[in-house]
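Novice: Sharing a structure below in structure tokens format, with a few things to ask.
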Amino acid sequence: MLIPLSHGSQVPVPCKNLTVTQMMATCSATRKIVLQLQGFWGETQSKTDEEYSYMQYAILGGGALGLGAAYRLTKAGHSLMLFEQETTAGGLAAGFRIGDTWLEKYYHHLFRTDTTVIKLIQELGLGDRLEWLHPRTVCLIDGKFQQLDSPLTLLKFSPLRIDERLRVAAVVAVLKLTGSGLYEGKTAEPWLRQWMGRRPYSIVFEPLFVAKFGAMHDQIALPWFWARFHDRTTYLGYLRGGFQQLYERLVERISQAGGKVLLGTRVESAKPLADGRWEVQTGQGAWTVDRVISTLPTRLTCRLIPALPGDYRARYDWGQAYGAQCLILSLDRQLTDSYWINPCDAGYPFTSLVEHTNFRPTSEYGGRHLIYLGNYRPMDDPLFKMKKEDILQEFLPYLKRINPAFDPEWIQESWLFQAPFAQPIVTTEYREHIPLLRTPLKGLWVANMFQVYPHDRGQNYSFELADRLVRELEN
């Protein structure tokens with residue numbers, strides 16, 4: 001039979017006339033639970049229900065972190081509902097359909113060091129689709145492409161003198177071999193100027209900091225920069241057919257285990273109840289659960305949950321985060337021969353140009369040549385209010401600077417995607433404002449990309465944090 005949860009949600013149960021909580025406490029008390037978590041928990045655990053506490057969870061947010069936590073919790077036998085306002089799961093890693101395949105709304109790839117997501121892909125039966133390639137990454141300096149994506153290309157990097165190349169190589173080696181703790185409390189700009197040299201910094205790195213962080217470029221913490229080099233590998237991974245397959249598979253497994261993923265459902269508020277449980281109010285109704293996990297930005301969590309105390313808000317509703325924007329173009333021919341282009345010349349209106357089909361074959365996308373023009377900007381930047389056609393007109397002259405043969409008629413299709421709070425501004429004070437997973441409110445947990453410091457935004461670190469969260473919840 002089916003026992004209804006509030007407002008129409010249903011879960012299958014073997015007992016009659018019981019609430020979900022009563023069913024978990026009473027009916028299942030006679031059976032033995034064997035939890036086999038396929039390497040996540042180690043060796044098989046066998047527990048009776050008197051030894052194991054089953055909970056009802058609400059997870060706010062259906063990105064990598066929320067789905068990863070939901071997958072682990074449902075495997076452990078818990079009941080949950082996941083709420084995601086978008087109609088497609090995956091958050092910032094979500095894709096959209098191009099013909100018969102998926103393309104990410106915001107460019108994504110993996111590094112060899114991304115071991116958590118690699119293992120998850122294999123666990124979900126998608127390992128045969130994960131492919132590793134070494135596409136070309138370049139800097140645009142004085143109107144010329146200069147390859148810079150490996151130790152060898154650094155040693156050949158002609159904009160720098162040989163002594164400068166060796167100095168930069170030594171600094172990169174130190175960053176690769178040391179931990180982030182050595183760099184706490186330091187700002188990236190003065191440290192890089194000192195150790196890499198003023199000229200190498202001004203030619204290569206300063207333009208990238210300015211393009212990504214604008215007026216905040218000289219306040220970025222050194223551990224953030226450390227992570228950019230420490231984690232990087234020359235070979236990049238991609239899930240053939242798009243990373244959306246990973247998120248679709250997670251939704252499928254969560255649903256098979258009895259969880260409910262509610263897409264297109266916006267959370268309006270959440271509040272603690274007198275009996276210790278929680279009520280989550282959405283545009284489709286209200287649900288009552290034992291625990292709430294918010295994977296939304298901390299600032300948004302504070303808005304949705306007025307019961308959070310003032311001292312918590314003062315410490316953690318803090319800092320800045322830029323929004324992300326990607327204009328994607330489908331061309332009828334190749335624009336460049338590189339995958340990733342960092343414009344180090346002044347004046348470019350986009351942070352990066354990523355020619356995805358110099359990483360993946362055009363045959364996967366019906367012959368389309370696909371280009372991302374990416375930006376990070378403050379949330380009040382006029383760019384976020386512009387129409388797609390106006391943004392395109394602003395960008396077109398710079399595409400011609402990159403390839404003088406470019407003609408706007410090459411453009412066959414275009415798409416525009418924008419996301420708030422996509423890039424935290426990591427200053428030296430940032431670490432002091434990272435919230436704990438457990439909040440002061442009983443039953444409320446917070447896990448978001450603000451907590452993957454000194455890393456940010458990567459799929460791998462979201463899944464890694466999800467695993468850590470579930471271990472803490474279970475203990």
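Residue names in the structure tokens use chain letters A, B, ... in the order shown, residue numbers from 1 in each chain, and ligand numbers from 1 in the order shown.
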If we count only C-alpha atoms and set the cut-off at 8 Å, which residues sit around region 328-342 of chain A, ignoring sequence neighbours fewer than 6 positions away in its own chain? Please answer as a VMD selection string.

Specialist: chain A and resid 135 to 140 208 351 to 359 367 to 373 403 406 410 to 416

Novice: Which residues are close to Thr301 (chain A), i.e. within 10 Å by only C-alpha atoms, leaving aside same-chain residues fewer than 6 positions away? Reply as a PyMOL selection string.

Specialist: chain A and resi 60+269-270+293-295+308+313+317+446

Novice: Save out the residues we just selected, C-alpha atoms, as a PDB file, in the first residue's frame.

Specialist:
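New file selection.pdb:
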```pdb
ATOM      1  CA  LEU A  60      17.023  22.133  -0.368  1.00  0.00           C
ATOM      2  CA  SER A 269      10.673  29.040   3.811  1.00  0.00           C
ATOM      3  CA  ALA A 270      11.531  26.471   6.456  1.00  0.00           C
ATOM      4  CA  ILE A 293      19.716  20.072   4.775  1.00  0.00           C
ATOM      5  CA  SER A 294      20.189  23.325   2.898  1.00  0.00           C
ATOM      6  CA  THR A 295      22.699  23.185   0.061  1.00  0.00           C
ATOM      7  CA  LEU A 308      18.465  31.322  12.557  1.00  0.00           C
ATOM      8  CA  ARG A 313      23.715  35.607  10.616  1.00  0.00           C
ATOM      9  CA  ASP A 317      25.638  35.905   6.136  1.00  0.00           C
ATOM     10  CA  VAL A 446      24.023  23.620   5.926  1.00  0.00           C
TER      11      VAL A 446
END
```

Novice: Which residues in region 187-303 of chain A does DSSP call strand (DSSP E)? List them as a list of chain:residue names.

Specialist: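 Answer for region 187-303 of chain A restricted to strand (DSSP E) is A:Leu236, A:Gly237, A:Tyr238, A:Leu239, A:Lys260, A:Val261, A:Leu262, A:Leu263, A:Val267, A:Glu268, A:Ser269, A:Ala270, A:Lys271, A:Pro272, A:Trp278, A:Glu279, A:Val280, A:Gln281, A:Thr282, A:Gly285, A:Ala286, A:Trp287, A:Thr288, A:Val289, A:Arg291, A:Val292, A:Ile293, A:Ser294.
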
Novice: Contacts of Ser150 (chain A) at 12 Å or less, counting only C-alpha atoms, minus same-chain residues fewer than 2 places along, as a VMD selection string?

Specialist: chain A and resid 134 to 138 147 to 148 152 to 157 169 172 to 173 229 232 to 235

Novice: For the residues in that selection, give me C-alpha atoms as an mmCIF file, in the first residue's frame.

Specialist:
```cif
data_model
loop_
_atom_site.group_PDB
_atom_site.id
_atom_site.type_symbol
_atom_site.label_atom_id
_atom_site.label_comp_id
_atom_site.auth_asym_id
_atom_site.auth_seq_id
_atom_site.Cartn_x
_atom_site.Cartn_y
_atom_site.Cartn_z
ATOM 1 C CA HIS A 134 44.793 16.830 -23.455
ATOM 2 C CA PRO A 135 43.208 19.803 -25.245
ATOM 3 C CA ARG A 136 45.153 22.981 -25.879
ATOM 4 C CA THR A 137 44.946 25.918 -23.431
ATOM 5 C CA VAL A 138 46.372 29.278 -24.458
ATOM 6 C CA GLN A 147 50.149 27.864 -25.290
ATOM 7 C CA LEU A 148 50.447 27.485 -21.516
ATOM 8 C CA LEU A 152 56.965 21.937 -21.190
ATOM 9 C CA THR A 153 54.832 24.728 -22.669
ATOM 10 C CA LEU A 154 55.793 26.945 -19.701
ATOM 11 C CA LEU A 155 59.468 26.446 -20.550
ATOM 12 C CA LYS A 156 58.682 27.431 -24.162
ATOM 13 C CA PHE A 157 56.478 30.397 -23.201
ATOM 14 C CA ALA A 169 58.094 27.008 -12.863
ATOM 15 C CA VAL A 172 54.312 26.360 -9.504
ATOM 16 C CA ALA A 173 56.306 23.330 -8.302
ATOM 17 C CA PHE A 229 47.581 24.931 -9.422
ATOM 18 C CA ARG A 232 45.297 20.943 -11.947
ATOM 19 C CA THR A 233 46.343 18.183 -14.347
ATOM 20 C CA THR A 234 47.276 18.370 -18.019
ATOM 21 C CA TYR A 235 44.725 15.724 -18.976
#
```

Novice: With only C-alpha atoms as the atoms that count, which of A:Gly237, A:Gly91, A:Pro159, A:Gly374 lies nearest to Ile203 (chain A)?

Specialist: A:Pro159

Novice: What are the DSSP helix (DSSP H, G or I) residues of region 88-243 of chain A, as a ChimeraX atom specification?

Specialist: /A:91-93,115-123,127-129,151-155,162-177,180-183,188-196,198-219,222-230
